[in-house]
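Q: Handing you this structure, nothing more for now.
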Amino acid sequence: GINAEYGAEARFSDAKSGGMQRIDDLSNGISQNFAGVQQKSNVLQKSRCMIVGFWIWHQSADNIKNINVNSVYDCLAACADTDGCSSASVNHVKSGNQITTRECHLGKKRNGFMLWQKNNFVSSNLYCQMTESVAIDTWKECIYENKEFSGASISSSVGISNIEECVAFCQSVEECAGVTYNRASKTCTAKNKRTGDGIQPNSNAESVSLMCLSANRGGVGRCAKNGVRFTGSVIQTTTVNSLDLCIQLCTNKHNCESVSYNASSRSCEIHNKRLGASRSNSSGWTSVNMYCLGLEHF
């Protein structure tokens, strides 16, 4: 087993030093930190987020449910669709040399209570998977240059080299939704709101929301549920000119988990549940679970 107190910083240090599996980005002249180039190969996308031979184990109160699936990807997709899910582990149950069942364990915590060494398990932190190998263009779209997110701080780490490493740190911190990186002090501050309590000028800082990085990965076509309207969980309604703009509005709004959009009325509904509290078949409406978007390039 692994010590239960194997915390976020230790895991992050392991990831930095190559303790967790890495697959090199083969692109020349591009930072190999975390941004990299958007890869076309599904194999390369598994990268450091996949922990082979470990179970992200939860105490019973934090274990959401166990289901049978066909693949690790299906387990992650189920986690993305489940309110409160932050990690997924698949147990490949064998009879002899044959895999008979793939048991998917969904949990509330990114790191679980502990990482338990188990040969037949493959596990992933959903927030790592959603923002892994983000394209350069996406960084440009999402980053707040010379701005800091004020308040809402939950953790910090020093000795961080850049904003990419700062996001990697955030991935492993429970409830981290956004970060501010201070270039002068090389400090990364994790926030439990996507843009903190507010955005303020700071010439030494750059900040980013994890959900923005995830939502800009191009998954809308795959994730959009056409003819479906999420209901019962609306926290805001506004008017915008496109589904993409509705999604962008959601990315930086605290507690926005999904959207429903009507193209003819230009109505954008912001929801606090990933698939709404319920769903209805509604012509002209399209709904998108925000957590689905980042899994496009798994």
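Order determines the names: the first chain of the structure tokens is A, the second B, and so forth; residues in each chain are numbered 1 upward, and ligands are numbered 1 upward as they are shown.
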Please provide as a count of residues only all residues within 10 Å of region 231-243 of chain A, with the sequence filter that same-chain residues fewer than 5 positions apart are discarded (counting only C-alpha atoms).
A: 35
Q: Could you pull out the helix (DSSP H, G or I) residues of region 145-188 of chain A, going by DSSP on the backbone, and write them as a compact mmCIF listing (two decimals) with N, CA and C atoms, in the first residue's frame?
A:
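What ended up in selection_2.txt:
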# COMPACT_ATOMS: atom_id res chain seq x y z
N ILE A 163 3.28 28.91 -15.47
CA ILE A 163 1.84 28.74 -15.30
C ILE A 163 1.40 27.31 -15.62
N GLU A 164 2.10 26.64 -16.56
CA GLU A 164 1.75 25.26 -16.89
C GLU A 164 1.95 24.34 -15.69
N GLU A 165 3.09 24.50 -15.00
CA GLU A 165 3.33 23.71 -13.79
C GLU A 165 2.33 24.06 -12.71
N CYS A 166 1.95 25.32 -12.67
CA CYS A 166 0.97 25.78 -11.68
C CYS A 166 -0.37 25.06 -11.89
N VAL A 167 -0.79 24.93 -13.15
CA VAL A 167 -2.03 24.20 -13.45
C VAL A 167 -1.89 22.73 -13.08
N ALA A 168 -0.72 22.15 -13.34
CA ALA A 168 -0.49 20.75 -12.97
C ALA A 168 -0.61 20.56 -11.46
N PHE A 169 -0.13 21.54 -10.70
CA PHE A 169 -0.28 21.50 -9.24
C PHE A 169 -1.76 21.56 -8.87
N CYS A 170 -2.49 22.47 -9.50
CA CYS A 170 -3.92 22.64 -9.23
C CYS A 170 -4.70 21.35 -9.46
N GLN A 171 -4.32 20.62 -10.51
CA GLN A 171 -5.03 19.37 -10.83
C GLN A 171 -5.08 18.42 -9.63
Q: Record the distance separating CA of Cys128 (chain A) and CA of Lys253 (chain A), expressed in Å with one decimal.
A: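 One can read the CA of Cys128 (chain A) to CA of Lys253 (chain A) distance as 19.9 Å.
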Q: Which one of A:Ser150, A:Thr180, A:Ser124, A:Asn162 sits closest to Ile199 (chain A) if you count only C-alpha atoms?
A: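 Among A:Ser150, A:Thr180, A:Ser124, A:Asn162, it is A:Ser150 that comes nearest to Ile199 (chain A).
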Q: So which one's closest to Lys193 (chain A), A:Gly96, A:Gly294, A:Gly218, A:Gly151? Using only C-alpha atoms, please.
A: A:Gly151
Q: Identify, on the basis of only C-alpha atoms, every residue whose closest approach to Ser153 (chain A) does not exceed 10 Å; exclude the query and any residue fewer than 5 positions from it along the same chain; express the result as a list in words.
A: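 In the requested form, the answer reads Cys176, Gly178, Val179, Thr180, Thr189, Ala190, Lys191, Asn192, Lys193, Gly196 and Asp197 of chain A.
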Q: Please produce a file of the residues just selected, as a PDB file, in the first residue's frame, where the atoms kept are N, CA and C atoms.
A:
ATOM      1  N   CYS A 176      -9.551  22.626  -6.324  1.00  0.00           N
ATOM      2  CA  CYS A 176      -8.909  23.711  -7.075  1.00  0.00           C
ATOM      3  C   CYS A 176      -9.609  23.889  -8.414  1.00  0.00           C
ATOM      4  N   GLY A 178      -9.079  27.129 -10.210  1.00  0.00           N
ATOM      5  CA  GLY A 178      -8.316  28.129 -10.950  1.00  0.00           C
ATOM      6  C   GLY A 178      -7.043  28.454 -10.194  1.00  0.00           C
ATOM      7  N   VAL A 179      -6.103  29.122 -10.870  1.00  0.00           N
ATOM      8  CA  VAL A 179      -4.822  29.433 -10.234  1.00  0.00           C
ATOM      9  C   VAL A 179      -4.354  30.834 -10.597  1.00  0.00           C
ATOM     10  N   THR A 180      -3.530  31.386  -9.716  1.00  0.00           N
ATOM     11  CA  THR A 180      -2.726  32.569 -10.021  1.00  0.00           C
ATOM     12  C   THR A 180      -1.270  32.187  -9.826  1.00  0.00           C
ATOM     13  N   THR A 189      -0.759  29.794  -6.541  1.00  0.00           N
ATOM     14  CA  THR A 189      -1.830  29.810  -5.559  1.00  0.00           C
ATOM     15  C   THR A 189      -3.092  29.208  -6.161  1.00  0.00           C
ATOM     16  N   ALA A 190      -3.585  28.145  -5.520  1.00  0.00           N
ATOM     17  CA  ALA A 190      -4.784  27.443  -5.983  1.00  0.00           C
ATOM     18  C   ALA A 190      -6.032  28.118  -5.425  1.00  0.00           C
ATOM     19  N   LYS A 191      -7.055  28.233  -6.268  1.00  0.00           N
ATOM     20  CA  LYS A 191      -8.312  28.895  -5.898  1.00  0.00           C
ATOM     21  C   LYS A 191      -9.473  27.902  -5.983  1.00  0.00           C
ATOM     22  N   ASN A 192     -10.431  28.031  -5.060  1.00  0.00           N
ATOM     23  CA  ASN A 192     -11.591  27.130  -5.130  1.00  0.00           C
ATOM     24  C   ASN A 192     -12.766  27.733  -5.900  1.00  0.00           C
ATOM     25  N   LYS A 193     -12.525  28.883  -6.524  1.00  0.00           N
ATOM     26  CA  LYS A 193     -13.464  29.453  -7.490  1.00  0.00           C
ATOM     27  C   LYS A 193     -12.689  29.695  -8.774  1.00  0.00           C
ATOM     28  N   GLY A 196     -11.434  33.111  -8.758  1.00  0.00           N
ATOM     29  CA  GLY A 196     -11.328  33.663  -7.419  1.00  0.00           C
ATOM     30  C   GLY A 196     -12.560  34.462  -7.042  1.00  0.00           C
ATOM     31  N   ASP A 197     -12.375  35.403  -6.138  1.00  0.00           N
ATOM     32  CA  ASP A 197     -13.472  36.303  -5.759  1.00  0.00           C
ATOM     33  C   ASP A 197     -13.528  37.530  -6.663  1.00  0.00           C
TER      34      ASP A 197
END
Q: For each of A:Thr100, A:Ser283, A:Ser71, A:Ser161, take the minimum atom-to-atom distance to Lys225 (chain A), counting only C-alpha atoms, then give the residue where this is smallest.
A: A:Ser283
